[in-house]
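Asks: I'm passing along run.tsv; it holds TSV, N, CA and C atoms.
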chain	number	residue	atom	x	y	z
A	1	MET	N	-15.30	-7.64	8.58
A	1	MET	CA	-16.23	-7.02	7.66
A	1	MET	C	-15.47	-6.02	6.81
A	2	VAL	N	-15.82	-5.92	5.56
A	2	VAL	CA	-15.13	-5.01	4.65
A	2	VAL	C	-16.16	-4.16	3.92
A	3	ASN	N	-15.92	-2.86	3.88
A	3	ASN	CA	-16.74	-1.96	3.07
A	3	ASN	C	-16.07	-1.81	1.73
A	4	SER	N	-16.84	-1.84	0.67
A	4	SER	CA	-16.28	-1.57	-0.64
A	4	SER	C	-17.35	-0.92	-1.50
A	5	THR	N	-16.91	-0.17	-2.46
A	5	THR	CA	-17.84	0.43	-3.41
A	5	THR	C	-17.56	-0.16	-4.77
A	6	ASN	N	-18.58	-0.24	-5.59
A	6	ASN	CA	-18.38	-0.76	-6.93
A	6	ASN	C	-17.56	0.23	-7.73
A	7	PRO	N	-16.49	-0.23	-8.37
A	7	PRO	CA	-15.65	0.70	-9.11
A	7	PRO	C	-16.32	1.16	-10.40
A	8	VAL	N	-16.13	2.39	-10.73
A	8	VAL	CA	-16.53	2.91	-12.03
A	8	VAL	C	-15.42	2.54	-12.99
A	9	HIS	N	-15.73	2.28	-14.25
A	9	HIS	CA	-14.72	1.87	-15.22
A	9	HIS	C	-13.50	2.80	-15.14
A	10	GLY	N	-12.32	2.22	-14.94
A	10	GLY	CA	-11.09	3.00	-14.89
A	10	GLY	C	-10.71	3.46	-13.49
A	11	GLU	N	-11.58	3.26	-12.51
A	11	GLU	CA	-11.25	3.67	-11.15
A	11	GLU	C	-10.90	2.45	-10.32
A	12	ARG	N	-10.12	2.67	-9.27
A	12	ARG	CA	-9.77	1.60	-8.35
A	12	ARG	C	-10.82	1.51	-7.25
A	13	ARG	N	-10.97	0.35	-6.68
A	13	ARG	CA	-11.89	0.15	-5.57
A	13	ARG	C	-11.14	0.42	-4.27
A	14	CYS	N	-11.75	1.17	-3.38
A	14	CYS	CA	-11.17	1.45	-2.07
A	14	CYS	C	-11.79	0.49	-1.08
A	15	ILE	N	-10.95	-0.28	-0.39
A	15	ILE	CA	-11.42	-1.24	0.59
A	15	ILE	C	-10.95	-0.80	1.96
A	16	THR	N	-11.89	-0.64	2.88
A	16	THR	CA	-11.56	-0.19	4.22
A	16	THR	C	-12.08	-1.20	5.23
A	17	PRO	N	-11.19	-1.84	6.03
A	17	PRO	CA	-11.68	-2.72	7.08
A	17	PRO	C	-12.54	-1.93	8.06
A	18	THR	N	-13.64	-2.51	8.52
A	18	THR	CA	-14.49	-1.81	9.48
A	18	THR	C	-14.59	-2.61	10.76
A	19	THR	N	-14.37	-1.95	11.87
A	19	THR	CA	-14.55	-2.56	13.19
A	19	THR	C	-15.04	-1.49	14.12
A	20	ASP	N	-15.46	-1.90	15.30
A	20	ASP	CA	-15.85	-0.95	16.33
A	20	ASP	C	-14.70	-0.67	17.28
A	21	ASN	N	-13.52	-1.15	16.96
A	21	ASN	CA	-12.34	-0.94	17.79
A	21	ASN	C	-12.07	0.56	17.92
A	22	SER	N	-11.95	1.05	19.14
A	22	SER	CA	-11.79	2.48	19.36
A	22	SER	C	-10.34	2.94	19.22
A	23	THR	N	-9.40	2.03	19.13
A	23	THR	CA	-8.01	2.44	18.96
A	23	THR	C	-7.76	2.83	17.51
A	24	GLY	N	-6.77	3.67	17.31
A	24	GLY	CA	-6.44	4.12	15.96
A	24	GLY	C	-5.78	3.02	15.16
A	25	PRO	N	-5.63	3.25	13.86
A	25	PRO	CA	-5.01	2.23	13.00
A	25	PRO	C	-3.51	2.09	13.28
A	26	ILE	N	-3.01	0.87	13.11
A	26	ILE	CA	-1.56	0.68	13.18
A	26	ILE	C	-0.94	0.95	11.82
A	27	LEU	N	-1.71	0.76	10.76
A	27	LEU	CA	-1.27	1.10	9.41
A	27	LEU	C	-2.37	1.91	8.74
A	28	ASP	N	-2.02	3.09	8.29
A	28	ASP	CA	-2.98	4.00	7.67
A	28	ASP	C	-2.38	4.49	6.35
A	29	VAL	N	-2.87	3.95	5.25
A	29	VAL	CA	-2.37	4.30	3.93
A	29	VAL	C	-3.34	5.30	3.31
A	30	ARG	N	-2.80	6.42	2.83
A	30	ARG	CA	-3.64	7.50	2.32
A	30	ARG	C	-3.16	7.97	0.95
A	31	GLY	N	-3.99	7.84	-0.05
A	31	GLY	CA	-3.72	8.40	-1.37
A	31	GLY	C	-2.44	7.94	-2.03
A	32	LEU	N	-2.09	6.68	-1.86
A	32	LEU	CA	-0.84	6.14	-2.40
A	32	LEU	C	-0.88	6.09	-3.93
A	33	GLU	N	0.14	6.66	-4.56
A	33	GLU	CA	0.27	6.62	-6.02
A	33	GLU	C	1.69	6.22	-6.39
A	34	THR	N	1.81	5.23	-7.26
A	34	THR	CA	3.10	4.76	-7.74
A	34	THR	C	3.08	4.73	-9.26
A	35	HIS	N	4.11	5.30	-9.86
A	35	HIS	CA	4.23	5.35	-11.32
A	35	HIS	C	5.51	4.64	-11.75
A	36	PHE	N	5.50	4.14	-12.97
A	36	PHE	CA	6.67	3.54	-13.58
A	36	PHE	C	6.94	4.23	-14.91
A	37	LYS	N	8.19	4.58	-15.13
A	37	LYS	CA	8.58	5.19	-16.40
A	37	LYS	C	8.99	4.07	-17.36
A	38	THR	N	8.37	4.05	-18.54
A	38	THR	CA	8.68	3.06	-19.56
A	38	THR	C	9.02	3.78	-20.86
A	39	ASN	N	9.47	3.02	-21.84
A	39	ASN	CA	9.75	3.60	-23.15
A	39	ASN	C	8.49	4.17	-23.81
A	40	GLU	N	7.34	3.63	-23.44
A	40	GLU	CA	6.07	4.09	-24.01
A	40	GLU	C	5.46	5.26	-23.24
A	41	GLY	N	6.01	5.59	-22.08
A	41	GLY	CA	5.47	6.67	-21.26
A	41	GLY	C	5.36	6.28	-19.80
A	42	ILE	N	4.54	6.99	-19.06
A	42	ILE	CA	4.37	6.75	-17.63
A	42	ILE	C	3.19	5.80	-17.41
A	43	VAL	N	3.43	4.76	-16.61
A	43	VAL	CA	2.37	3.82	-16.21
A	43	VAL	C	1.94	4.18	-14.79
A	44	HIS	N	0.67	4.48	-14.61
A	44	HIS	CA	0.10	4.78	-13.30
A	44	HIS	C	-0.33	3.46	-12.67
A	45	ALA	N	0.59	2.78	-12.00
A	45	ALA	CA	0.35	1.44	-11.50
A	45	ALA	C	-0.55	1.42	-10.27
A	46	VAL	N	-0.38	2.39	-9.39
A	46	VAL	CA	-1.21	2.52	-8.18
A	46	VAL	C	-1.72	3.95	-8.19
A	47	ASN	N	-3.04	4.09	-8.07
A	47	ASN	CA	-3.63	5.41	-8.25
A	47	ASN	C	-4.59	5.74	-7.10
A	48	GLY	N	-4.07	6.34	-6.04
A	48	GLY	CA	-4.91	6.83	-4.95
A	48	GLY	C	-5.43	5.77	-4.00
A	49	VAL	N	-4.64	4.75	-3.71
A	49	VAL	CA	-5.07	3.68	-2.80
A	49	VAL	C	-5.05	4.19	-1.36
A	50	SER	N	-6.14	3.92	-0.64
A	50	SER	CA	-6.24	4.28	0.77
A	50	SER	C	-6.90	3.14	1.54
A	51	PHE	N	-6.39	2.83	2.72
A	51	PHE	CA	-7.01	1.87	3.63
A	51	PHE	C	-6.37	2.03	4.99
A	52	HIS	N	-7.02	1.47	6.00
A	52	HIS	CA	-6.40	1.45	7.33
A	52	HIS	C	-6.59	0.08	7.95
A	53	LEU	N	-5.68	-0.24	8.84
A	53	LEU	CA	-5.66	-1.54	9.48
A	53	LEU	C	-5.44	-1.34	10.97
A	54	LYS	N	-6.38	-1.84	11.78
A	54	LYS	CA	-6.27	-1.71	13.23
A	54	LYS	C	-5.63	-2.96	13.83
A	55	GLU	N	-5.15	-2.83	15.05
A	55	GLU	CA	-4.52	-3.95	15.74
A	55	GLU	C	-5.47	-5.14	15.77
A	56	GLY	N	-4.94	-6.32	15.46
A	56	GLY	CA	-5.72	-7.54	15.47
A	56	GLY	C	-6.44	-7.84	14.17
A	57	GLU	N	-6.45	-6.90	13.25
A	57	GLU	CA	-7.10	-7.11	11.96
A	57	GLU	C	-6.11	-7.71	10.97
A	58	THR	N	-6.66	-8.41	9.99
A	58	THR	CA	-5.88	-8.94	8.88
A	58	THR	C	-6.48	-8.38	7.60
A	59	LEU	N	-5.63	-7.98	6.69
A	59	LEU	CA	-6.10	-7.43	5.42
A	59	LEU	C	-5.58	-8.29	4.28
A	60	GLY	N	-6.48	-8.75	3.44
A	60	GLY	CA	-6.10	-9.44	2.22
A	60	GLY	C	-6.43	-8.55	1.05
A	61	ILE	N	-5.51	-8.40	0.13
A	61	ILE	CA	-5.72	-7.57	-1.05
A	61	ILE	C	-5.90	-8.51	-2.23
A	62	VAL	N	-7.07	-8.45	-2.85
A	62	VAL	CA	-7.38	-9.35	-3.97
A	62	VAL	C	-7.76	-8.53	-5.20
A	63	GLY	N	-7.57	-9.13	-6.34
A	63	GLY	CA	-7.94	-8.47	-7.59
A	63	GLY	C	-7.37	-9.22	-8.77
A	64	GLU	N	-7.72	-8.75	-9.94
A	64	GLU	CA	-7.25	-9.37	-11.17
A	64	GLU	C	-5.74	-9.25	-11.31
A	65	SER	N	-5.16	-10.13	-12.09
A	65	SER	CA	-3.74	-10.08	-12.38
A	65	SER	C	-3.38	-8.73	-13.01
A	66	GLY	N	-2.34	-8.10	-12.48
A	66	GLY	CA	-1.88	-6.84	-13.03
A	66	GLY	C	-2.61	-5.61	-12.53
A	67	CYS	N	-3.49	-5.76	-11.52
A	67	CYS	CA	-4.27	-4.60	-11.07
A	67	CYS	C	-3.54	-3.74	-10.05
A	68	GLY	N	-2.37	-4.18	-9.56
A	68	GLY	CA	-1.59	-3.34	-8.65
A	68	GLY	C	-1.50	-3.82	-7.21
A	69	LYS	N	-1.92	-5.06	-6.94
A	69	LYS	CA	-1.87	-5.58	-5.56
A	69	LYS	C	-0.44	-5.60	-5.03
A	70	SER	N	0.44	-6.27	-5.73
A	70	SER	CA	1.83	-6.39	-5.28
A	70	SER	C	2.53	-5.04	-5.27
A	71	VAL	N	2.29	-4.23	-6.28
A	71	VAL	CA	2.94	-2.92	-6.36
A	71	VAL	C	2.48	-2.04	-5.19
A	72	THR	N	1.22	-2.16	-4.79
A	72	THR	CA	0.72	-1.39	-3.65
A	72	THR	C	1.51	-1.72	-2.39
A	73	VAL	N	1.61	-3.02	-2.08
A	73	VAL	CA	2.30	-3.42	-0.85
A	73	VAL	C	3.80	-3.16	-0.97
A	74	MET	N	4.38	-3.42	-2.12
A	74	MET	CA	5.81	-3.15	-2.30
A	74	MET	C	6.11	-1.66	-2.18
A	75	SER	N	5.17	-0.81	-2.58
A	75	SER	CA	5.33	0.63	-2.42
A	75	SER	C	5.35	1.01	-0.94
A	76	ILE	N	4.42	0.44	-0.18
A	76	ILE	CA	4.35	0.72	1.26
A	76	ILE	C	5.64	0.29	1.94
A	77	LEU	N	6.18	-0.85	1.54
A	77	LEU	CA	7.40	-1.39	2.15
A	77	LEU	C	8.68	-0.84	1.54
A	78	ARG	N	8.53	0.07	0.58
A	78	ARG	CA	9.66	0.71	-0.10
A	78	ARG	C	10.54	-0.30	-0.83
A	79	LEU	N	9.91	-1.24	-1.48
A	79	LEU	CA	10.62	-2.28	-2.24
A	79	LEU	C	10.53	-2.07	-3.74
A	80	ILE	N	10.00	-0.94	-4.18
A	80	ILE	CA	9.90	-0.64	-5.60
A	80	ILE	C	11.26	-0.19	-6.12
A	81	PRO	N	11.81	-0.87	-7.14
A	81	PRO	CA	13.10	-0.43	-7.69
A	81	PRO	C	12.97	0.93	-8.38
A	82	SER	N	13.88	1.82	-8.03
A	82	SER	CA	13.86	3.17	-8.60
A	82	SER	C	15.21	3.50	-9.21
A	83	PRO	N	15.29	3.80	-10.51
A	83	PRO	CA	14.20	3.69	-11.46
A	83	PRO	C	13.89	2.23	-11.76
A	84	PRO	N	12.81	1.95	-12.39
A	84	PRO	CA	11.89	2.81	-13.10
A	84	PRO	C	10.70	3.28	-12.26
A	85	GLY	N	10.50	2.70	-11.05
A	85	GLY	CA	9.32	3.04	-10.27
A	85	GLY	C	9.54	4.17	-9.30
A	86	THR	N	8.46	4.90	-9.00
A	86	THR	CA	8.51	5.99	-8.04
A	86	THR	C	7.17	6.09	-7.33
A	87	VAL	N	7.22	6.17	-5.99
A	87	VAL	CA	6.02	6.51	-5.23
A	87	VAL	C	5.91	8.02	-5.33
A	88	VAL	N	4.89	8.51	-6.04
A	88	VAL	CA	4.80	9.94	-6.34
A	88	VAL	C	3.99	10.72	-5.32
A	89	SER	N	3.11	10.05	-4.58
A	89	SER	CA	2.36	10.76	-3.54
A	89	SER	C	1.73	9.77	-2.58
A	90	GLY	N	1.27	10.31	-1.47
A	90	GLY	CA	0.58	9.52	-0.47
A	90	GLY	C	1.39	9.37	0.80
A	91	GLN	N	0.77	8.71	1.75
A	91	GLN	CA	1.39	8.42	3.03
A	91	GLN	C	1.13	6.96	3.38
A	92	ALA	N	2.05	6.37	4.13
A	92	ALA	CA	1.88	5.04	4.69
A	92	ALA	C	2.29	5.14	6.15
A	93	LEU	N	1.33	5.48	7.01
A	93	LEU	CA	1.62	5.74	8.41
A	93	LEU	C	1.57	4.44	9.20
A	94	TYR	N	2.69	4.08	9.80
A	94	TYR	CA	2.79	2.91	10.67
A	94	TYR	C	2.98	3.44	12.08
A	95	LEU	N	2.00	3.19	12.93
A	95	LEU	CA	2.00	3.74	14.29
A	95	LEU	C	2.26	5.24	14.28
A	96	GLY	N	1.68	5.91	13.29
A	96	GLY	CA	1.76	7.36	13.19
A	96	GLY	C	2.98	7.90	12.47
A	97	ARG	N	3.91	7.05	12.06
A	97	ARG	CA	5.13	7.49	11.37
A	97	ARG	C	5.09	7.05	9.92
A	98	ASP	N	5.45	7.96	9.03
A	98	ASP	CA	5.35	7.70	7.59
A	98	ASP	C	6.49	6.81	7.11
A	99	LEU	N	6.16	5.58	6.73
A	99	LEU	CA	7.16	4.64	6.21
A	99	LEU	C	7.86	5.19	4.98
A	100	LEU	N	7.14	5.97	4.18
A	100	LEU	CA	7.69	6.47	2.93
A	100	LEU	C	8.74	7.55	3.14
A	101	LYS	N	8.80	8.11	4.35
A	101	LYS	CA	9.77	9.17	4.64
A	101	LYS	C	10.85	8.74	5.61
A	102	MET	N	10.82	7.50	6.08
A	102	MET	CA	11.83	7.02	7.01
A	102	MET	C	13.17	6.84	6.32
A	103	GLY	N	14.24	6.97	7.08
A	103	GLY	CA	15.57	6.69	6.57
A	103	GLY	C	15.76	5.19	6.38
A	104	ASP	N	16.79	4.83	5.63
A	104	ASP	CA	17.04	3.41	5.32
A	104	ASP	C	17.26	2.57	6.57
A	105	THR	N	18.02	3.08	7.53
A	105	THR	CA	18.30	2.32	8.76
A	105	THR	C	17.02	2.08	9.54
A	106	GLU	N	16.20	3.10	9.66
A	106	GLU	CA	14.95	2.98	10.41
A	106	GLU	C	13.98	2.01	9.75
A	107	ILE	N	13.86	2.07	8.43
A	107	ILE	CA	12.92	1.18	7.74
A	107	ILE	C	13.40	-0.27	7.84
A	108	ARG	N	14.71	-0.51	7.81
A	108	ARG	CA	15.24	-1.88	7.94
A	108	ARG	C	14.91	-2.48	9.29
A	109	ARG	N	14.84	-1.67	10.34
A	109	ARG	CA	14.49	-2.17	11.67
A	109	ARG	C	13.04	-2.66	11.73
A	110	ILE	N	12.20	-2.07	10.91
A	110	ILE	CA	10.77	-2.39	10.94
A	110	ILE	C	10.43	-3.55	10.02
A	111	LEU	N	11.02	-3.57	8.82
A	111	LEU	CA	10.69	-4.60	7.83
A	111	LEU	C	11.13	-5.98	8.29
A	112	GLY	N	10.24	-6.93	8.15
A	112	GLY	CA	10.54	-8.30	8.55
A	112	GLY	C	10.15	-8.58	9.98
A	113	GLY	N	10.54	-7.71	10.91
A	113	GLY	CA	10.23	-7.92	12.32
A	113	GLY	C	8.84	-7.45	12.70
A	114	GLN	N	8.44	-6.29	12.18
A	114	GLN	CA	7.14	-5.72	12.54
A	114	GLN	C	6.16	-5.72	11.37
A	115	ILE	N	6.66	-5.56	10.17
A	115	ILE	CA	5.83	-5.54	8.96
A	115	ILE	C	6.47	-6.47	7.94
A	116	SER	N	5.64	-7.29	7.29
A	116	SER	CA	6.19	-8.16	6.25
A	116	SER	C	5.13	-8.41	5.18
A	117	MET	N	5.58	-8.97	4.09
A	117	MET	CA	4.71	-9.28	2.96
A	117	MET	C	4.87	-10.76	2.64
A	118	VAL	N	3.76	-11.43	2.39
A	118	VAL	CA	3.79	-12.81	1.92
A	118	VAL	C	3.69	-12.73	0.40
A	119	PHE	N	4.79	-13.07	-0.27
A	119	PHE	CA	4.84	-12.98	-1.73
A	119	PHE	C	4.06	-14.12	-2.36
A	120	GLN	N	3.56	-13.90	-3.58
A	120	GLN	CA	2.76	-14.89	-4.28
A	120	GLN	C	3.56	-16.13	-4.63
A	121	ASP	N	4.81	-15.96	-5.04
A	121	ASP	CA	5.67	-17.07	-5.44
A	121	ASP	C	6.89	-17.09	-4.54
A	122	PRO	N	6.83	-17.86	-3.43
A	122	PRO	CA	7.97	-17.87	-2.50
A	122	PRO	C	9.23	-18.46	-3.10
Mind converting the file's structure to C-alpha cells?
Replies:
Amino acid sequence: MVNSTNPVHGERRCITPTTDNSTGPILDVRGLETHFKTNEGIVHAVNGVSFHLKEGETLGIVGESGCGKSVTVMSILRLIPSPPGTVVSGQALYLGRDLLKMGDTEIRRILGGQISMVFQDP
C-alpha cells in the first residue's frame, strides 16, 4: 500500500510505503535535494524527497520523463558526477547510517551487495 498526496503545481509528490511492520526502516531518505550547475544557472533536480523502506518491502519510483527518478536514486547511491551535480542537503540512512556521509571504501562495500539500482537501459 502506498500513501501519496496530490502534488500542487511545482511541488514533488512524497510517496511513503505504509505497513504495520513494527521494525524500523532499512532505508530512510529525508529531505534529499540535488542540484546541477549549468551555463544557464542552477537546476534543482531533486527537491526535498523523503521516503522510507522497511525490510521485505519493495519500492518502485514512477513519474514523467525528467522528473528526477533516476537522479533521486543515483543521489542516494552517490553516483551523481560532481561537478556538475551536488547533493546539497538531506540524509539517506541505511540501517541507521548516512550513505551520503560514508567514506568511499565503506560505500563500495555496500553498493551492489546490499543496495543496488536497476537502470532503465541496461
Asks: Write out as a list in words which residues come within 9 Å of Val87 (chain A) when counting only C-alpha atoms, dropping same-chain ones fewer than 5 positions away.
Replies: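 The filter keeps Leu32, Glu33, Thr34, His35, Phe36, Val46, Ser75, Ile76, Arg78, Ile80 and Leu100 of chain A.
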Asks: Using DSSP secondary structure from the backbone, list all helix (DSSP H, G or I) positions within region 50-116 of chain A, as a list in words.
Replies: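 Output for region 50-116 of chain A, helix (DSSP H, G or I) only: Lys69, Ser70, Val71, Thr72, Val73, Met74, Ser75, Ile76, Leu99, Leu100, Lys101, Asp104, Thr105, Glu106, Ile107, Arg108, Arg109 and Ile110 of chain A.
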Asks: Please compute the CA of Thr58 (chain A)-atom C of Gly90 (chain A) distance, one decimal, in Å.
Replies: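 One can read the CA of Thr58 (chain A) to atom C of Gly90 (chain A) distance as 21.3 Å.
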Asks: To one decimal place, how far is CA of Val118 (chain A) from atom C of Val88 (chain A) in Å?
Replies: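 One can read the CA of Val118 (chain A) to atom C of Val88 (chain A) distance as 24.6 Å.
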Asks: Which residues are close to Gly31 (chain A), i.e. within 7 Å by only N, CA and C atoms, leaving aside same-chain residues fewer than 2 positions away? Reply as an mmCIF file with N, CA and C atoms, keeping the file's coordinate frame.
Replies:
data_model
loop_
_atom_site.group_PDB
_atom_site.id
_atom_site.type_symbol
_atom_site.label_atom_id
_atom_site.label_comp_id
_atom_site.auth_asym_id
_atom_site.auth_seq_id
_atom_site.Cartn_x
_atom_site.Cartn_y
_atom_site.Cartn_z
ATOM 1 N N VAL A 29 -2.870 3.950 5.250
ATOM 2 C CA VAL A 29 -2.370 4.300 3.930
ATOM 3 C C VAL A 29 -3.340 5.300 3.310
ATOM 4 N N GLU A 33 0.140 6.660 -4.560
ATOM 5 C CA GLU A 33 0.270 6.620 -6.020
ATOM 6 C C GLU A 33 1.690 6.220 -6.390
ATOM 7 N N ASN A 47 -3.040 4.090 -8.070
ATOM 8 C CA ASN A 47 -3.630 5.410 -8.250
ATOM 9 C C ASN A 47 -4.590 5.740 -7.100
ATOM 10 N N GLY A 48 -4.070 6.340 -6.040
ATOM 11 C CA GLY A 48 -4.910 6.830 -4.950
ATOM 12 C C GLY A 48 -5.430 5.770 -4.000
ATOM 13 N N VAL A 49 -4.640 4.750 -3.710
ATOM 14 C CA VAL A 49 -5.070 3.680 -2.800
ATOM 15 C C VAL A 49 -5.050 4.190 -1.360
ATOM 16 N N SER A 50 -6.140 3.920 -0.640
ATOM 17 C CA SER A 50 -6.240 4.280 0.770
ATOM 18 C C SER A 50 -6.900 3.140 1.540
ATOM 19 N N PHE A 51 -6.390 2.830 2.720
ATOM 20 C CA PHE A 51 -7.010 1.870 3.630
ATOM 21 C C PHE A 51 -6.370 2.030 4.990
ATOM 22 N N SER A 89 3.110 10.050 -4.580
ATOM 23 C CA SER A 89 2.360 10.760 -3.540
ATOM 24 C C SER A 89 1.730 9.770 -2.580
ATOM 25 N N GLY A 90 1.270 10.310 -1.470
ATOM 26 C CA GLY A 90 0.580 9.520 -0.470
ATOM 27 C C GLY A 90 1.390 9.370 0.800
ATOM 28 N N GLN A 91 0.770 8.710 1.750
ATOM 29 C CA GLN A 91 1.390 8.420 3.030
ATOM 30 C C GLN A 91 1.130 6.960 3.380
#
Asks: Once DSSP has gone over the backbone, tell me which residues of region 8-120 of chain A are in strand (DSSP E), as a PyMOL selection string.
Replies: chain A and resi 15-17+25-38+41-54+85-94+97-98
Asks: Residues as selected, N, CA and C atoms, written as a short mmCIF file (atom, residue, chain, number, x, y, z; two decimals), keeping the file's coordinate frame, can you do that?
Replies:
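Saved file out_22.cif follows:
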data_model
loop_
_atom_site.label_atom_id
_atom_site.label_comp_id
_atom_site.auth_asym_id
_atom_site.auth_seq_id
_atom_site.Cartn_x
_atom_site.Cartn_y
_atom_site.Cartn_z
N ILE A 15 -10.95 -0.28 -0.39
CA ILE A 15 -11.42 -1.24 0.59
C ILE A 15 -10.95 -0.80 1.96
N THR A 16 -11.89 -0.64 2.88
CA THR A 16 -11.56 -0.19 4.22
C THR A 16 -12.08 -1.20 5.23
N PRO A 17 -11.19 -1.84 6.03
CA PRO A 17 -11.68 -2.72 7.08
C PRO A 17 -12.54 -1.93 8.06
N PRO A 25 -5.63 3.25 13.86
CA PRO A 25 -5.01 2.23 13.00
C PRO A 25 -3.51 2.09 13.28
N ILE A 26 -3.01 0.87 13.11
CA ILE A 26 -1.56 0.68 13.18
C ILE A 26 -0.94 0.95 11.82
N LEU A 27 -1.71 0.76 10.76
CA LEU A 27 -1.27 1.10 9.41
C LEU A 27 -2.37 1.91 8.74
N ASP A 28 -2.02 3.09 8.29
CA ASP A 28 -2.98 4.00 7.67
C ASP A 28 -2.38 4.49 6.35
N VAL A 29 -2.87 3.95 5.25
CA VAL A 29 -2.37 4.30 3.93
C VAL A 29 -3.34 5.30 3.31
N ARG A 30 -2.80 6.42 2.83
CA ARG A 30 -3.64 7.50 2.32
C ARG A 30 -3.16 7.97 0.95
N GLY A 31 -3.99 7.84 -0.05
CA GLY A 31 -3.72 8.40 -1.37
C GLY A 31 -2.44 7.94 -2.03
N LEU A 32 -2.09 6.68 -1.86
CA LEU A 32 -0.84 6.14 -2.40
C LEU A 32 -0.88 6.09 -3.93
N GLU A 33 0.14 6.66 -4.56
CA GLU A 33 0.27 6.62 -6.02
C GLU A 33 1.69 6.22 -6.39
N THR A 34 1.81 5.23 -7.26
CA THR A 34 3.10 4.76 -7.74
C THR A 34 3.08 4.73 -9.26
N HIS A 35 4.11 5.30 -9.86
CA HIS A 35 4.23 5.35 -11.32
C HIS A 35 5.51 4.64 -11.75
N PHE A 36 5.50 4.14 -12.97
CA PHE A 36 6.67 3.54 -13.58
C PHE A 36 6.94 4.23 -14.91
N LYS A 37 8.19 4.58 -15.13
CA LYS A 37 8.58 5.19 -16.40
C LYS A 37 8.99 4.07 -17.36
N THR A 38 8.37 4.05 -18.54
CA THR A 38 8.68 3.06 -19.56
C THR A 38 9.02 3.78 -20.86
N GLY A 41 6.01 5.59 -22.08
CA GLY A 41 5.47 6.67 -21.26
C GLY A 41 5.36 6.28 -19.80
N ILE A 42 4.54 6.99 -19.06
CA ILE A 42 4.37 6.75 -17.63
C ILE A 42 3.19 5.80 -17.41
N VAL A 43 3.43 4.76 -16.61
CA VAL A 43 2.37 3.82 -16.21
C VAL A 43 1.94 4.18 -14.79
N HIS A 44 0.67 4.48 -14.61
CA HIS A 44 0.10 4.78 -13.30
C HIS A 44 -0.33 3.46 -12.67
N ALA A 45 0.59 2.78 -12.00
CA ALA A 45 0.35 1.44 -11.50
C ALA A 45 -0.55 1.42 -10.27
N VAL A 46 -0.38 2.39 -9.39
CA VAL A 46 -1.21 2.52 -8.18
C VAL A 46 -1.72 3.95 -8.19
N ASN A 47 -3.04 4.09 -8.07
CA ASN A 47 -3.63 5.41 -8.25
C ASN A 47 -4.59 5.74 -7.10
N GLY A 48 -4.07 6.34 -6.04
CA GLY A 48 -4.91 6.83 -4.95
C GLY A 48 -5.43 5.77 -4.00
N VAL A 49 -4.64 4.75 -3.71
CA VAL A 49 -5.07 3.68 -2.80
C VAL A 49 -5.05 4.19 -1.36
N SER A 50 -6.14 3.92 -0.64
CA SER A 50 -6.24 4.28 0.77
C SER A 50 -6.90 3.14 1.54
N PHE A 51 -6.39 2.83 2.72
CA PHE A 51 -7.01 1.87 3.63
C PHE A 51 -6.37 2.03 4.99
N HIS A 52 -7.02 1.47 6.00
CA HIS A 52 -6.40 1.45 7.33
C HIS A 52 -6.59 0.08 7.95
N LEU A 53 -5.68 -0.24 8.84
CA LEU A 53 -5.66 -1.54 9.48
C LEU A 53 -5.44 -1.34 10.97
N LYS A 54 -6.38 -1.84 11.78
CA LYS A 54 -6.27 -1.71 13.23
C LYS A 54 -5.63 -2.96 13.83
N GLY A 85 10.50 2.70 -11.05
CA GLY A 85 9.32 3.04 -10.27
C GLY A 85 9.54 4.17 -9.30
N THR A 86 8.46 4.90 -9.00
CA THR A 86 8.51 5.99 -8.04
C THR A 86 7.17 6.09 -7.33
N VAL A 87 7.22 6.17 -5.99
CA VAL A 87 6.02 6.51 -5.23
C VAL A 87 5.91 8.02 -5.33
N VAL A 88 4.89 8.51 -6.04
CA VAL A 88 4.80 9.94 -6.34
C VAL A 88 3.99 10.72 -5.32
N SER A 89 3.11 10.05 -4.58
CA SER A 89 2.36 10.76 -3.54
C SER A 89 1.73 9.77 -2.58
N GLY A 90 1.27 10.31 -1.47
CA GLY A 90 0.58 9.52 -0.47
C GLY A 90 1.39 9.37 0.80
N GLN A 91 0.77 8.71 1.75
CA GLN A 91 1.39 8.42 3.03
C GLN A 91 1.13 6.96 3.38
N ALA A 92 2.05 6.37 4.13
CA ALA A 92 1.88 5.04 4.69
C ALA A 92 2.29 5.14 6.15
N LEU A 93 1.33 5.48 7.01
CA LEU A 93 1.62 5.74 8.41
C LEU A 93 1.57 4.44 9.20
N TYR A 94 2.69 4.08 9.80
CA TYR A 94 2.79 2.91 10.67
C TYR A 94 2.98 3.44 12.08
N ARG A 97 3.91 7.05 12.06
CA ARG A 97 5.13 7.49 11.37
C ARG A 97 5.09 7.05 9.92
N ASP A 98 5.45 7.96 9.03
CA ASP A 98 5.35 7.70 7.59
C ASP A 98 6.49 6.81 7.11
#
Asks: Can you measure CA of Asp104 (chain A) to CA of Ala92 (chain A) for me? One decimal in Å is fine.
Replies: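 Distance between the two atoms: 15.3 Å.
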Asks: Which residue is closest to Pro25 (chain A)? Choose from A:Gly66, A:Pro84, A:Gly96, A:Gly41 and count only N, CA and C atoms.
Replies: A:Gly96
